[in-house]
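Asks: One file: query19.cif (mmCIF, C-alpha atoms and all ligand atoms).
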data_protein
loop_
_atom_site.label_atom_id
_atom_site.label_comp_id
_atom_site.auth_asym_id
_atom_site.auth_seq_id
_atom_site.Cartn_x
_atom_site.Cartn_y
_atom_site.Cartn_z
CA THR A 11 29.05 -51.41 -84.67
CA LEU A 12 30.09 -48.67 -82.25
CA GLY A 13 32.79 -49.45 -79.73
CA PRO A 14 36.19 -51.09 -79.37
CA ASP A 15 36.99 -54.75 -79.74
CA VAL A 16 35.83 -56.54 -76.62
CA VAL A 17 37.31 -59.60 -74.98
CA ASP A 18 34.65 -61.36 -72.93
CA VAL A 19 36.53 -62.86 -69.96
CA ARG A 20 33.56 -64.58 -68.33
CA SER A 21 34.62 -67.99 -69.58
CA LEU A 22 38.19 -67.40 -68.36
CA THR A 23 37.04 -66.45 -64.87
CA SER A 24 35.01 -69.63 -64.57
CA GLU A 25 38.31 -71.45 -65.21
CA GLY A 26 39.93 -69.69 -62.23
CA LEU A 27 41.52 -66.71 -64.00
CA PHE A 28 40.64 -63.11 -63.36
CA THR A 29 41.80 -59.75 -64.72
CA TYR A 30 43.55 -56.98 -62.80
CA ASP A 31 42.65 -53.49 -64.05
CA PRO A 32 43.08 -50.72 -61.44
CA GLY A 33 40.84 -47.77 -62.19
CA PHE A 34 38.82 -49.91 -64.65
CA VAL A 35 40.84 -48.43 -67.53
CA SER A 36 39.82 -51.18 -69.93
CA THR A 37 37.14 -53.14 -68.14
CA ALA A 38 33.47 -52.81 -69.03
CA SER A 39 31.34 -53.32 -65.92
CA CYS A 40 28.05 -53.67 -67.80
CA GLU A 41 26.25 -53.51 -71.12
CA SER A 42 24.28 -50.32 -71.71
CA GLU A 43 22.15 -48.70 -74.42
CA ILE A 44 22.12 -45.21 -72.94
CA THR A 45 25.28 -43.30 -73.82
CA TYR A 46 28.12 -43.76 -76.29
CA ILE A 47 31.49 -41.99 -76.10
CA ASP A 48 34.27 -42.06 -78.68
CA GLY A 49 37.06 -40.47 -76.68
CA ALA A 50 39.54 -40.30 -79.57
CA LYS A 51 37.14 -38.41 -81.81
CA GLY A 52 35.46 -36.37 -79.06
CA VAL A 53 31.99 -37.82 -79.72
CA LEU A 54 29.20 -38.09 -77.11
CA LEU A 55 25.81 -39.57 -78.05
CA HIS A 56 22.78 -40.10 -75.82
CA ARG A 57 20.57 -42.85 -77.29
CA GLY A 58 22.32 -42.04 -80.59
CA TYR A 59 21.82 -38.26 -80.55
CA PRO A 60 24.91 -35.97 -80.46
CA ILE A 61 25.21 -33.90 -77.30
CA ASP A 62 25.50 -30.56 -79.15
CA GLN A 63 22.18 -31.19 -80.94
CA LEU A 64 20.50 -32.15 -77.69
CA ALA A 65 21.86 -29.08 -75.88
CA ASN A 66 20.98 -26.65 -78.66
CA GLU A 67 17.73 -28.08 -80.06
CA CYS A 68 16.07 -29.75 -77.06
CA ASP A 69 15.56 -28.82 -73.43
CA TYR A 70 16.70 -30.60 -70.29
CA LEU A 71 13.38 -32.37 -69.67
CA ASP A 72 13.46 -33.74 -73.26
CA VAL A 73 16.88 -35.18 -72.47
CA CYS A 74 15.73 -36.56 -69.10
CA TYR A 75 12.89 -38.31 -70.93
CA LEU A 76 15.28 -39.58 -73.61
CA LEU A 77 17.67 -41.03 -71.03
CA LEU A 78 14.90 -42.67 -69.02
CA TYR A 79 12.68 -43.99 -71.81
CA GLY A 80 14.98 -44.32 -74.83
CA GLU A 81 13.29 -41.88 -77.23
CA LEU A 82 12.70 -38.13 -77.38
CA PRO A 83 9.14 -37.39 -76.22
CA SER A 84 6.22 -36.55 -78.51
CA SER A 85 4.49 -33.30 -77.55
CA ASP A 86 1.84 -35.21 -75.54
CA GLN A 87 4.47 -37.31 -73.79
CA LYS A 88 6.46 -34.16 -73.05
CA ALA A 89 3.44 -32.40 -71.56
CA THR A 90 2.66 -35.37 -69.29
CA PHE A 91 6.30 -35.74 -68.24
CA GLU A 92 6.73 -32.01 -67.63
CA HIS A 93 3.62 -32.02 -65.46
CA ALA A 94 4.89 -35.03 -63.49
CA ILE A 95 8.22 -33.31 -62.85
CA MET A 96 7.17 -29.70 -62.33
CA HIS A 97 4.25 -30.54 -60.01
CA HIS A 98 6.31 -32.57 -57.56
CA THR A 99 9.01 -30.02 -56.85
CA MET A 100 8.06 -29.49 -53.19
CA VAL A 101 9.71 -31.52 -50.45
CA HIS A 102 8.12 -32.70 -47.22
CA GLU A 103 7.94 -29.87 -44.70
CA GLN A 104 9.69 -32.07 -42.12
CA LEU A 105 12.81 -32.09 -44.29
CA HIS A 106 13.24 -28.47 -43.19
CA GLN A 107 14.05 -29.78 -39.71
CA PHE A 108 16.64 -32.10 -41.19
CA PHE A 109 18.38 -29.14 -42.87
CA LYS A 110 18.40 -27.27 -39.58
CA GLY A 111 20.52 -30.02 -38.00
CA PHE A 112 23.47 -29.02 -40.18
CA ARG A 113 25.94 -26.29 -39.29
CA ARG A 114 25.37 -23.16 -41.37
CA ASP A 115 28.89 -23.38 -42.79
CA SER A 116 28.49 -27.00 -43.96
CA HIS A 117 29.58 -27.63 -47.53
CA PRO A 118 26.36 -27.93 -49.58
CA MET A 119 27.58 -31.26 -51.02
CA ALA A 120 27.72 -32.61 -47.45
CA ILE A 121 24.10 -31.52 -47.02
CA MET A 122 23.09 -33.09 -50.36
CA VAL A 123 24.63 -36.47 -49.45
CA GLY A 124 22.49 -36.42 -46.31
CA VAL A 125 19.17 -35.03 -47.51
CA VAL A 126 18.94 -37.03 -50.74
CA GLY A 127 19.57 -40.24 -48.81
CA ALA A 128 16.98 -39.05 -46.27
CA LEU A 129 14.29 -39.01 -48.98
CA SER A 130 14.25 -42.80 -48.40
CA ALA A 131 12.64 -42.03 -45.03
CA PHE A 132 9.83 -40.00 -46.60
CA TYR A 133 8.68 -42.03 -49.61
CA HIS A 134 8.18 -45.57 -48.43
CA ASP A 135 6.34 -46.62 -51.60
CA SER A 136 9.51 -45.94 -53.62
CA LEU A 137 11.44 -48.43 -51.53
CA ASP A 138 9.75 -51.35 -53.26
CA ILE A 139 11.87 -51.46 -56.39
CA SER A 140 10.26 -54.62 -57.73
CA ASN A 141 7.23 -52.57 -58.79
CA ASP A 142 7.54 -50.69 -62.14
CA ARG A 143 5.21 -47.91 -61.06
CA HIS A 144 7.15 -47.34 -57.83
CA ARG A 145 10.41 -47.18 -59.79
CA GLU A 146 8.88 -44.61 -62.10
CA VAL A 147 7.60 -42.44 -59.26
CA ALA A 148 10.99 -42.57 -57.54
CA ALA A 149 12.68 -41.41 -60.76
CA HIS A 150 10.25 -38.51 -61.13
CA ARG A 151 10.58 -37.55 -57.48
CA LEU A 152 14.34 -37.37 -57.72
CA ILE A 153 14.40 -35.25 -60.90
CA SER A 154 11.71 -32.90 -59.50
CA LYS A 155 13.15 -32.46 -56.04
CA MET A 156 16.91 -32.23 -56.65
CA PRO A 157 16.84 -28.52 -57.60
CA THR A 158 14.63 -27.78 -54.58
CA LEU A 159 17.06 -29.53 -52.22
CA ALA A 160 20.03 -27.83 -53.88
CA ALA A 161 18.53 -24.35 -53.54
CA MET A 162 17.53 -25.12 -49.93
CA ALA A 163 21.14 -26.07 -49.14
CA TYR A 164 22.22 -22.64 -50.43
CA LYS A 165 19.49 -20.67 -48.68
CA TYR A 166 20.29 -22.43 -45.42
CA SER A 167 23.98 -21.56 -45.72
CA ILE A 168 23.24 -17.84 -46.09
CA GLY A 169 20.59 -17.77 -43.38
CA GLN A 170 17.65 -16.91 -45.65
CA PRO A 171 14.23 -18.60 -45.57
CA PHE A 172 13.70 -21.31 -48.18
CA ALA A 173 12.02 -20.11 -51.37
CA TYR A 174 9.19 -22.47 -52.39
CA PRO A 175 9.27 -23.79 -55.98
CA ARG A 176 7.19 -22.21 -58.72
CA ASN A 177 5.74 -24.83 -61.02
CA ASP A 178 4.87 -22.33 -63.77
CA LEU A 179 8.55 -21.70 -64.51
CA SER A 180 10.92 -23.82 -66.59
CA TYR A 181 13.16 -26.31 -64.79
CA GLY A 182 16.18 -23.96 -65.00
CA GLY A 183 14.09 -20.84 -64.33
CA ASN A 184 12.50 -22.37 -61.23
CA PHE A 185 15.94 -23.28 -59.91
CA LEU A 186 17.13 -19.66 -60.27
CA HIS A 187 13.94 -18.46 -58.58
CA MET A 188 14.49 -20.78 -55.58
CA MET A 189 18.12 -19.64 -55.34
CA PHE A 190 17.56 -15.91 -55.54
CA SER A 191 13.98 -15.00 -54.57
CA THR A 192 13.52 -13.62 -51.06
CA PRO A 193 10.35 -12.83 -49.08
CA ALA A 194 11.18 -9.17 -49.78
CA GLU A 195 11.70 -9.54 -53.51
CA GLU A 196 10.70 -12.08 -56.13
CA TYR A 197 13.63 -12.82 -58.46
CA LYS A 198 12.82 -11.89 -62.04
CA VAL A 199 13.98 -14.84 -64.12
CA ASN A 200 16.09 -13.78 -67.11
CA PRO A 201 15.22 -16.20 -69.97
CA VAL A 202 18.81 -16.21 -71.26
CA LEU A 203 20.11 -17.29 -67.86
CA ALA A 204 17.30 -19.85 -67.44
CA ARG A 205 18.17 -21.33 -70.85
CA ALA A 206 21.85 -21.37 -69.89
CA MET A 207 21.02 -23.31 -66.70
CA ASP A 208 18.96 -25.71 -68.80
CA LYS A 209 21.89 -26.27 -71.17
CA ILE A 210 24.32 -26.79 -68.31
CA PHE A 211 22.03 -29.41 -66.78
CA THR A 212 21.74 -31.07 -70.22
CA LEU A 213 25.51 -31.13 -70.70
CA HIS A 214 25.87 -32.94 -67.38
CA ALA A 215 22.90 -35.29 -67.79
CA ASP A 216 24.85 -38.49 -68.41
CA HIS A 217 28.35 -39.72 -69.18
CA GLU A 218 28.16 -43.52 -69.10
CA GLN A 219 30.22 -45.39 -66.47
CA ASN A 220 31.99 -42.48 -64.72
CA ALA A 221 32.86 -42.88 -61.02
CA SER A 222 29.53 -41.61 -59.68
CA THR A 223 27.34 -43.55 -62.13
CA SER A 224 29.32 -46.73 -61.49
CA THR A 225 28.82 -46.09 -57.78
CA VAL A 226 25.05 -45.76 -58.29
CA ARG A 227 25.02 -49.05 -60.22
CA LEU A 228 27.17 -50.82 -57.63
CA ALA A 229 24.96 -49.61 -54.75
CA GLY A 230 21.85 -50.53 -56.76
CA SER A 231 23.19 -54.00 -57.54
CA SER A 232 22.63 -54.96 -53.90
CA GLY A 233 18.96 -53.98 -54.21
CA ALA A 234 19.36 -50.70 -52.30
CA ASN A 235 16.59 -48.12 -52.80
CA PRO A 236 17.00 -45.38 -55.45
CA PHE A 237 17.40 -42.48 -52.98
CA ALA A 238 20.22 -44.29 -51.18
CA CYS A 239 21.86 -45.14 -54.54
CA ILE A 240 21.74 -41.53 -55.76
CA ALA A 241 23.12 -40.32 -52.40
CA ALA A 242 26.04 -42.74 -52.97
CA GLY A 243 26.49 -41.23 -56.45
CA ILE A 244 26.56 -37.72 -54.98
CA ALA A 245 29.30 -38.78 -52.56
CA ALA A 246 31.40 -40.19 -55.41
CA LEU A 247 30.84 -37.07 -57.49
CA TRP A 248 32.15 -34.75 -54.79
CA GLY A 249 35.88 -35.40 -55.28
CA PRO A 250 38.00 -32.90 -57.25
CA ALA A 251 39.00 -35.54 -59.81
CA HIS A 252 35.30 -35.85 -60.76
CA GLY A 253 32.45 -33.33 -60.20
CA GLY A 254 34.44 -31.30 -57.70
CA ALA A 255 36.61 -30.12 -60.61
CA ASN A 256 34.28 -27.24 -61.54
CA GLU A 257 34.77 -25.71 -58.10
CA ALA A 258 38.50 -26.44 -58.29
CA VAL A 259 38.76 -24.72 -61.72
CA LEU A 260 37.38 -21.46 -60.39
CA ASN A 261 39.58 -21.60 -57.31
CA MET A 262 42.56 -22.24 -59.59
CA LEU A 263 41.71 -19.32 -61.92
CA GLU A 264 41.39 -17.05 -58.88
CA GLU A 265 44.70 -18.31 -57.51
CA ILE A 266 46.43 -17.66 -60.86
CA GLY A 267 44.97 -14.17 -60.55
CA ASP A 268 46.67 -12.63 -63.58
CA GLU A 269 47.48 -13.68 -67.14
CA ALA A 270 51.14 -12.98 -66.37
CA ASN A 271 51.17 -15.92 -63.91
CA ILE A 272 49.81 -18.55 -66.31
CA GLU A 273 53.19 -19.85 -67.47
CA GLU A 274 54.20 -20.50 -63.86
CA TYR A 275 51.10 -22.67 -63.29
CA ILE A 276 51.58 -24.51 -66.58
CA ALA A 277 55.14 -25.29 -65.49
CA ARG A 278 53.85 -26.55 -62.13
CA ALA A 279 51.29 -28.81 -63.86
CA LYS A 280 54.12 -30.39 -65.89
CA ASP A 281 56.40 -30.87 -62.88
CA LYS A 282 56.12 -34.48 -61.69
CA ASP A 283 57.34 -33.48 -58.21
CA ASP A 284 54.49 -30.98 -57.85
CA PRO A 285 51.04 -32.47 -57.14
CA PHE A 286 49.36 -29.50 -58.85
CA ARG A 287 47.24 -30.38 -61.91
CA LEU A 288 45.55 -28.03 -64.32
CA MET A 289 41.95 -28.34 -63.15
CA GLY A 290 39.38 -28.72 -65.95
CA PHE A 291 41.97 -30.38 -68.19
CA GLY A 292 42.25 -34.05 -69.07
CA HIS A 293 39.76 -36.87 -69.06
CA ARG A 294 39.93 -40.61 -68.67
CA VAL A 295 38.03 -41.21 -71.90
CA TYR A 296 38.38 -38.07 -74.04
CA LYS A 297 41.70 -37.77 -75.77
CA ASN A 298 40.27 -34.93 -77.83
CA TYR A 299 38.28 -31.77 -77.08
CA ASP A 300 35.36 -32.69 -74.79
CA PRO A 301 32.28 -32.04 -76.99
CA ARG A 302 30.44 -30.70 -73.93
CA ALA A 303 33.17 -28.11 -73.36
CA LYS A 304 32.52 -26.62 -76.82
CA VAL A 305 28.82 -26.02 -76.05
CA MET A 306 29.74 -24.82 -72.56
CA LYS A 307 32.15 -22.25 -73.98
CA ALA A 308 29.47 -20.92 -76.37
CA THR A 309 26.97 -20.77 -73.48
CA CYS A 310 29.56 -18.90 -71.41
CA ASP A 311 29.87 -16.29 -74.19
CA GLU A 312 26.05 -15.90 -74.35
CA VAL A 313 25.71 -15.44 -70.58
CA LEU A 314 28.58 -12.98 -70.25
CA SER A 315 27.29 -10.98 -73.21
CA GLU A 316 23.75 -10.92 -71.72
CA LEU A 317 25.14 -9.72 -68.40
CA GLY A 318 27.56 -7.29 -70.07
CA VAL A 319 30.64 -8.80 -68.42
CA GLN A 320 32.73 -9.72 -71.49
CA ASP A 321 35.77 -8.28 -69.75
CA ASP A 322 35.57 -10.76 -66.91
CA PRO A 323 39.19 -11.19 -65.76
CA LEU A 324 38.73 -14.88 -64.91
CA LEU A 325 37.36 -15.57 -68.40
CA LYS A 326 40.40 -13.87 -69.89
CA ILE A 327 42.72 -16.01 -67.77
CA ALA A 328 40.73 -19.13 -68.74
CA MET A 329 40.91 -18.38 -72.47
CA ARG A 330 44.60 -17.56 -72.36
CA LEU A 331 45.33 -20.64 -70.25
CA GLU A 332 43.44 -22.83 -72.70
CA LYS A 333 45.35 -21.38 -75.66
CA ILE A 334 48.76 -21.85 -74.02
CA ALA A 335 47.97 -25.39 -72.84
CA LEU A 336 46.61 -26.49 -76.22
CA GLU A 337 49.90 -25.45 -77.82
CA ASP A 338 52.14 -26.88 -75.11
CA GLU A 339 54.07 -30.05 -76.01
CA TYR A 340 53.26 -31.76 -72.64
CA PHE A 341 49.51 -31.28 -72.98
CA VAL A 342 49.53 -32.12 -76.71
CA GLU A 343 51.53 -35.30 -76.18
CA LYS A 344 49.31 -36.48 -73.29
CA LYS A 345 46.17 -35.41 -75.17
CA LEU A 346 44.98 -33.21 -72.32
CA TYR A 347 42.10 -30.99 -73.49
CA PRO A 348 39.62 -28.81 -71.58
CA ASN A 349 36.77 -30.87 -70.14
CA VAL A 350 33.16 -29.93 -69.34
CA ASP A 351 34.16 -28.34 -66.04
CA PHE A 352 36.52 -25.79 -67.52
CA TYR A 353 33.94 -23.15 -68.46
CA SER A 354 30.90 -24.01 -66.31
CA GLY A 355 32.28 -22.26 -63.23
CA ILE A 356 32.67 -18.96 -65.08
CA ILE A 357 29.00 -19.12 -66.10
CA PHE A 358 27.88 -19.98 -62.56
CA LYS A 359 29.94 -17.16 -61.11
CA ALA A 360 28.49 -14.65 -63.59
CA ILE A 361 24.95 -15.77 -62.66
CA GLY A 362 25.80 -15.21 -58.97
CA ILE A 363 26.05 -18.82 -57.84
CA PRO A 364 28.70 -19.29 -55.13
CA THR A 365 31.64 -21.59 -55.80
CA ASP A 366 30.71 -24.24 -53.26
CA MET A 367 27.40 -24.80 -55.09
CA PHE A 368 29.06 -25.71 -58.41
CA THR A 369 29.36 -29.44 -57.73
CA VAL A 370 25.81 -29.47 -56.37
CA LEU A 371 24.63 -28.22 -59.76
CA PHE A 372 26.60 -30.98 -61.46
CA ALA A 373 24.71 -33.42 -59.21
CA VAL A 374 21.34 -31.90 -60.15
CA GLY A 375 22.17 -32.21 -63.86
CA ARG A 376 23.54 -35.77 -63.55
CA THR A 377 20.48 -37.12 -61.70
CA PRO A 378 18.59 -38.44 -64.80
CA GLY A 379 21.74 -40.23 -65.97
CA TRP A 380 22.21 -41.90 -62.59
CA ILE A 381 18.56 -42.95 -62.54
CA ALA A 382 18.57 -44.15 -66.16
CA HIS A 383 21.54 -46.42 -65.39
CA TRP A 384 19.99 -47.69 -62.16
CA LYS A 385 16.70 -48.36 -63.99
CA GLU A 386 18.44 -50.04 -66.92
CA MET A 387 20.31 -52.32 -64.54
CA ILE A 388 17.41 -53.39 -62.36
CA SER A 389 15.09 -53.79 -65.35
CA GLY A 390 17.10 -56.73 -66.68
CA PRO A 391 18.94 -59.67 -65.21
CA TYR A 392 21.79 -58.42 -62.99
CA ARG A 393 24.13 -59.73 -60.35
CA ILE A 394 25.47 -57.95 -57.32
CA GLY A 395 28.65 -56.05 -58.27
CA ARG A 396 31.52 -57.70 -56.50
CA PRO A 397 35.03 -56.84 -57.77
CA ARG A 398 37.92 -59.12 -56.84
CA GLN A 399 41.32 -57.96 -55.62
CA LEU A 400 44.99 -58.83 -55.94
CA TYR A 401 45.95 -59.70 -52.34
CA LYS A 402 49.38 -58.34 -51.37
CA GLY A 403 49.33 -58.90 -47.61
CA TYR A 404 50.83 -61.49 -45.28
CA ASP A 405 50.73 -65.21 -45.88
CA GLN A 406 48.84 -67.06 -43.17
CA ARG A 407 50.53 -66.70 -39.73
CA ASP A 408 49.73 -67.60 -36.14
CA VAL A 409 48.69 -65.13 -33.41
CA SER A 410 50.67 -67.10 -30.85
CA GLY A 411 53.74 -67.67 -33.06
CA ASP A 412 57.14 -65.92 -32.50
N1 LIG B 501 47.28 -31.47 -65.48
C1 LIG B 501 48.53 -31.96 -65.63
N2 LIG B 501 48.81 -33.22 -65.97
C2 LIG B 501 47.76 -34.06 -66.13
C3 LIG B 501 46.44 -33.63 -65.98
C4 LIG B 501 46.21 -32.28 -65.64
N3 LIG B 501 44.97 -31.81 -65.49
N4 LIG B 501 45.60 -34.66 -66.20
C5 LIG B 501 46.38 -35.71 -66.48
N5 LIG B 501 47.69 -35.35 -66.44
C6 LIG B 501 48.84 -36.21 -66.75
C7 LIG B 501 49.13 -37.15 -65.59
O1 LIG B 501 50.08 -36.58 -64.70
C8 LIG B 501 49.64 -38.36 -66.29
O2 LIG B 501 50.99 -38.13 -66.64
P1 LIG B 501 52.04 -39.39 -66.66
O3 LIG B 501 51.54 -40.31 -67.75
O4 LIG B 501 53.35 -38.73 -67.00
O5 LIG B 501 52.01 -40.00 -65.31
C9 LIG B 501 48.85 -38.41 -67.59
O6 LIG B 501 48.45 -37.04 -67.85
C10 LIG B 501 47.59 -39.27 -67.51
O7 LIG B 501 46.86 -38.85 -66.38
P2 LIG B 501 46.09 -39.86 -65.42
O8 LIG B 501 45.88 -39.23 -64.10
O9 LIG B 501 46.75 -41.21 -65.47
O10 LIG B 501 44.71 -39.95 -66.20
P3 LIG B 501 43.36 -40.48 -65.60
O11 LIG B 501 42.57 -40.93 -66.76
O12 LIG B 501 43.60 -41.45 -64.51
O13 LIG B 501 42.71 -39.17 -64.93
C11 LIG B 501 41.59 -37.09 -64.70
C12 LIG B 501 41.81 -38.35 -65.57
C13 LIG B 501 41.32 -37.53 -63.25
C14 LIG B 501 40.37 -36.37 -65.21
C15 LIG B 501 42.84 -36.20 -64.78
O14 LIG B 501 43.04 -35.79 -66.12
C16 LIG B 501 42.76 -35.00 -63.85
O15 LIG B 501 43.11 -35.10 -62.66
N6 LIG B 501 42.30 -33.80 -64.38
C17 LIG B 501 42.10 -32.64 -63.56
C18 LIG B 501 40.80 -32.74 -62.78
C19 LIG B 501 39.58 -32.58 -63.67
O16 LIG B 501 39.49 -31.66 -64.47
N7 LIG B 501 38.60 -33.47 -63.46
C20 LIG B 501 37.32 -33.44 -64.19
C21 LIG B 501 37.17 -34.63 -65.08
S1 LIG B 501 35.78 -34.48 -66.08
C22 LIG B 501 34.46 -34.85 -65.10
O17 LIG B 501 34.51 -35.48 -64.10
C23 LIG B 501 33.22 -34.32 -65.56
#
Could you show the structure in this file as structure tokens?
Ligand code: ACO
Replies:
Amino acid sequence: TLGPDVVDVRSLTSEGLFTYDPGFVSTASCESEITYIDGAKGVLLHRGYPIDQLANECDYLDVCYLLLYGELPSSDQKATFEHAIMHHTMVHEQLHQFFKGFRRDSHPMAIMVGVVGALSAFYHDSLDISNDRHREVAAHRLISKMPTLAAMAYKYSIGQPFAYPRNDLSYGGNFLHMMFSTPAEEYKVNPVLARAMDKIFTLHADHEQNASTSTVRLAGSSGANPFACIAAGIAALWGPAHGGANEAVLNMLEEIGDEANIEEYIARAKDKDDPFRLMGFGHRVYKNYDPRAKVMKATCDEVLSELGVQDDPLLKIAMRLEKIALEDEYFVEKKLYPNVDFYSGIIFKAIGIPTDMFTVLFAVGRTPGWIAHWKEMISGPYRIGRPRQLYKGYDQRDVSGD
């Protein structure tokens, strides 16, 4: 069977013992049938299918279906699913007012945390999670509306009117349209860029019990509604050690500025007295090349070639940095390889997506994974997640004592 040897400690805990594992380095929080990772070999499977095959031979909605329902869709199932997703892309007009309450210079992730949670206030039927049909509709609503909310966050920040979704376009193509169309000019969707967006969403679709997915499960374990749970996942994703890394990679490449400065930054990353880390390198589970990073790099080449920007200076710095790090004793010894975030920012930048939207796009892509885990959990027997702690504070003392 797949997976490491497992020690089931449930019987020990009932005898008064419990384990201490900060960061959950070797503690499974649940059983799951969705995603398998072999970090040593650099393998990622969704429902048994390798990620490179899914990214190259399927589209994002196939993968959403696979994560949610366990199998790739037949053509009829795909048509029904695609219709369900692409015909519910609009959001309630009153949500526009909600957006307008934010400052224009708000980080779009701050807006996403708010507006996705606010969907709970608009779809009361989805709040009854005991009903299968309501769960299903909530899942579809989230996958359909996340790109709309993401593009609205961007449009709001630049002071342009929101662009309404176009249901005749692909998922990735519609997202680009909502980002870049204006009342003065309809954005002409380039199929290579739309396919690249689709692949990027696919590469982010799920990654088992990462911080944001675990957060979604933990929030869901109390019976919270799916919109609130996904908003919690978005909050957990935001940090630079998780989804915020794609934004941090691009900022780092810009700060390095020139290939001549790479060695200096590598030296800083190795210096224990310097908090600087090479962004886009290292992973809790992968101790080998992240299989998503390989597809991402190939997609990056396709996009830059389509746009005629092969000489992109940031790409050159990224490639040189990768080469130097992969040969450096420190990175080799600690098994630090490029992760999925290393190349995605270069693609986004080439497409014209601003840096502060990068993590938002990670959130859009990760939505089916979050929902699949939430659905898997609440579809079977589950208990509220309630970690214990190792108390290190005072012994009992008296308020009135000297
Ligand atoms: N640069 C330099 N050194 C690093 C890096 C890095 N990017 N990543 C890990 N290390 C070192 C640590 O300093 C540590 O060294 P030590 O053993 O001498 O103390 C060792 O490698 C292990 O690192 P940990 O932080 O203990 O590993 P952990 O599994 O807790 O963290 C993480 C993984 C957060 C991804 C880390 O590698 C990191 O901060 N990377 C940069 C941020 C990043 O790219 N995040 C995206 C992750 S992928 C995703 O979310 C999709």
Asks: Please list as a list of chain:residue names every residue within 12 Å of Leu317 (chain A), counting all atoms listed in the file and excluding residues in the same chain fewer than 6 positions away.
Replies: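 So the residues in contact are A:Asn200, A:Pro201, A:Val202, A:Leu203, A:Cys310, A:Asp311, A:Ile357, A:Lys359, A:Ala360, A:Ile361, A:Gly362.
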Asks: Find the smallest box with edges along x, y and z containing every listed atom of ligand LIG 501 (chain B), then add 3 Å on each side and report centre and edge lengths in Å to one decimal, as AutoDock Vina command-line options.
Replies:
--center_x 43.3 --center_y -36.5 --center_z -65.3 --size_x 26.1 --size_y 16.0 --size_z 11.2
Asks: Let me see if you get this right: every residue at most 8 Å from ligand LIG 501 (chain B), counting only C-alpha atoms and all ligand atoms, written as a ChimeraX atom specification.
Replies: /A:33,35,214,220,247,250-256,259,279-280,282,286-295,341,344-346,348-352
Asks: Identify which of the residues A:Phe132, A:Tyr164, A:Tyr70, A:Tyr75 lies closest to Gly182 (chain A), counting all atoms listed in the file when measuring atom-to-atom distances.
Replies: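 Among the listed residues, A:Tyr70 lies closest to Gly182 (chain A).
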Asks: For each of A:Lys198, A:Arg398, A:Lys385, A:His106, take the minimum atom-to-atom distance to Lys165 (chain A), counting all atoms listed in the file, then give the residue where this is smallest.
Replies: A:His106
Asks: Pick from A:Phe108, A:Ala94, A:Arg114, A:Asp268: nearest to Ala131 (chain A), with all atoms listed in the file counted?
Replies: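 Of the candidates, the smallest distance to Ala131 (chain A) is held by A:Phe108.
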Asks: For CA of Met367 (chain A) and CA of Met119 (chain A), quote the distance in Å rounded to one decimal.
Replies: 7.6 Å
Asks: Which residue, A:Ser84, A:Ser39, A:Ser167, A:Thr365, has the smallest gap to Pro397 (chain A) when you use all atoms listed in the file?
Replies: A:Ser39
Asks: Can you work out which one of A:Leu22, A:Met156, A:Cys68, A:Leu129 has the shortest atom-to-atom distance to Gly375 (chain A), counting all atoms listed in the file?
Replies: A:Met156
Asks: Please return as a list in words every residue within 9 Å of (18.6, -21.6, -66.7), taking into account only C-alpha atoms and the file's own coordinates.
Replies: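 These residues have at least one counted atom within 9 Å: Ser180, Tyr181, Gly182, Gly183, Asn184, Phe185, Leu186, Val199, Asn200, Pro201, Val202, Leu203, Ala204, Arg205, Ala206, Met207, Asp208, Lys209, Ile210 and Phe211 of chain A.
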Asks: I'd like to know which of A:Ser116, A:Ser85, A:Ser191, A:Ser222 is closest to Ala242 (chain A), using only C-alpha atoms.
Replies: A:Ser222
Asks: Give me, please, the distance in Å between CA of Lys88 (chain A) and CA of Asp72 (chain A), quoted to one decimal.
Replies: 7.0 Å
Asks: How many Å separate CA of Pro391 (chain A) from CA of Asp142 (chain A)?
Replies: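 So the answer is 14.8 Å.
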Asks: Quick one: residues within 7 Å of region 328-339 of chain A, all atoms listed in the file, excluding same-chain residues fewer than 5 positions away - as a PyMOL selection string?
Replies: chain A and resi 263+272+347
Asks: Missing atoms in region 335-341 of chain A need filling: write out N, CA and C atoms for it as a PDB file, keeping the file's coordinate frame.
Replies:
ATOM      1  N   ALA A 335      47.906 -23.950 -73.089  1.00  0.00           N
ATOM      2  CA  ALA A 335      47.970 -25.390 -72.840  1.00  0.00           C
ATOM      3  C   ALA A 335      47.787 -26.191 -74.124  1.00  0.00           C
ATOM      4  N   LEU A 336      46.867 -25.725 -74.988  1.00  0.00           N
ATOM      5  CA  LEU A 336      46.610 -26.490 -76.220  1.00  0.00           C
ATOM      6  C   LEU A 336      47.810 -26.479 -77.164  1.00  0.00           C
ATOM      7  N   GLU A 337      48.715 -25.505 -76.958  1.00  0.00           N
ATOM      8  CA  GLU A 337      49.900 -25.450 -77.820  1.00  0.00           C
ATOM      9  C   GLU A 337      51.134 -26.038 -77.138  1.00  0.00           C
ATOM     10  N   ASP A 338      50.991 -26.411 -75.871  1.00  0.00           N
ATOM     11  CA  ASP A 338      52.140 -26.880 -75.110  1.00  0.00           C
ATOM     12  C   ASP A 338      52.405 -28.367 -75.393  1.00  0.00           C
ATOM     13  N   GLU A 339      53.694 -28.683 -75.608  1.00  0.00           N
ATOM     14  CA  GLU A 339      54.070 -30.050 -76.010  1.00  0.00           C
ATOM     15  C   GLU A 339      53.564 -31.103 -75.016  1.00  0.00           C
ATOM     16  N   TYR A 340      53.687 -30.803 -73.679  1.00  0.00           N
ATOM     17  CA  TYR A 340      53.260 -31.760 -72.640  1.00  0.00           C
ATOM     18  C   TYR A 340      51.779 -32.089 -72.786  1.00  0.00           C
ATOM     19  N   PHE A 341      50.955 -31.064 -72.907  1.00  0.00           N
ATOM     20  CA  PHE A 341      49.510 -31.280 -72.980  1.00  0.00           C
ATOM     21  C   PHE A 341      49.109 -31.924 -74.306  1.00  0.00           C
TER      22      PHE A 341
END
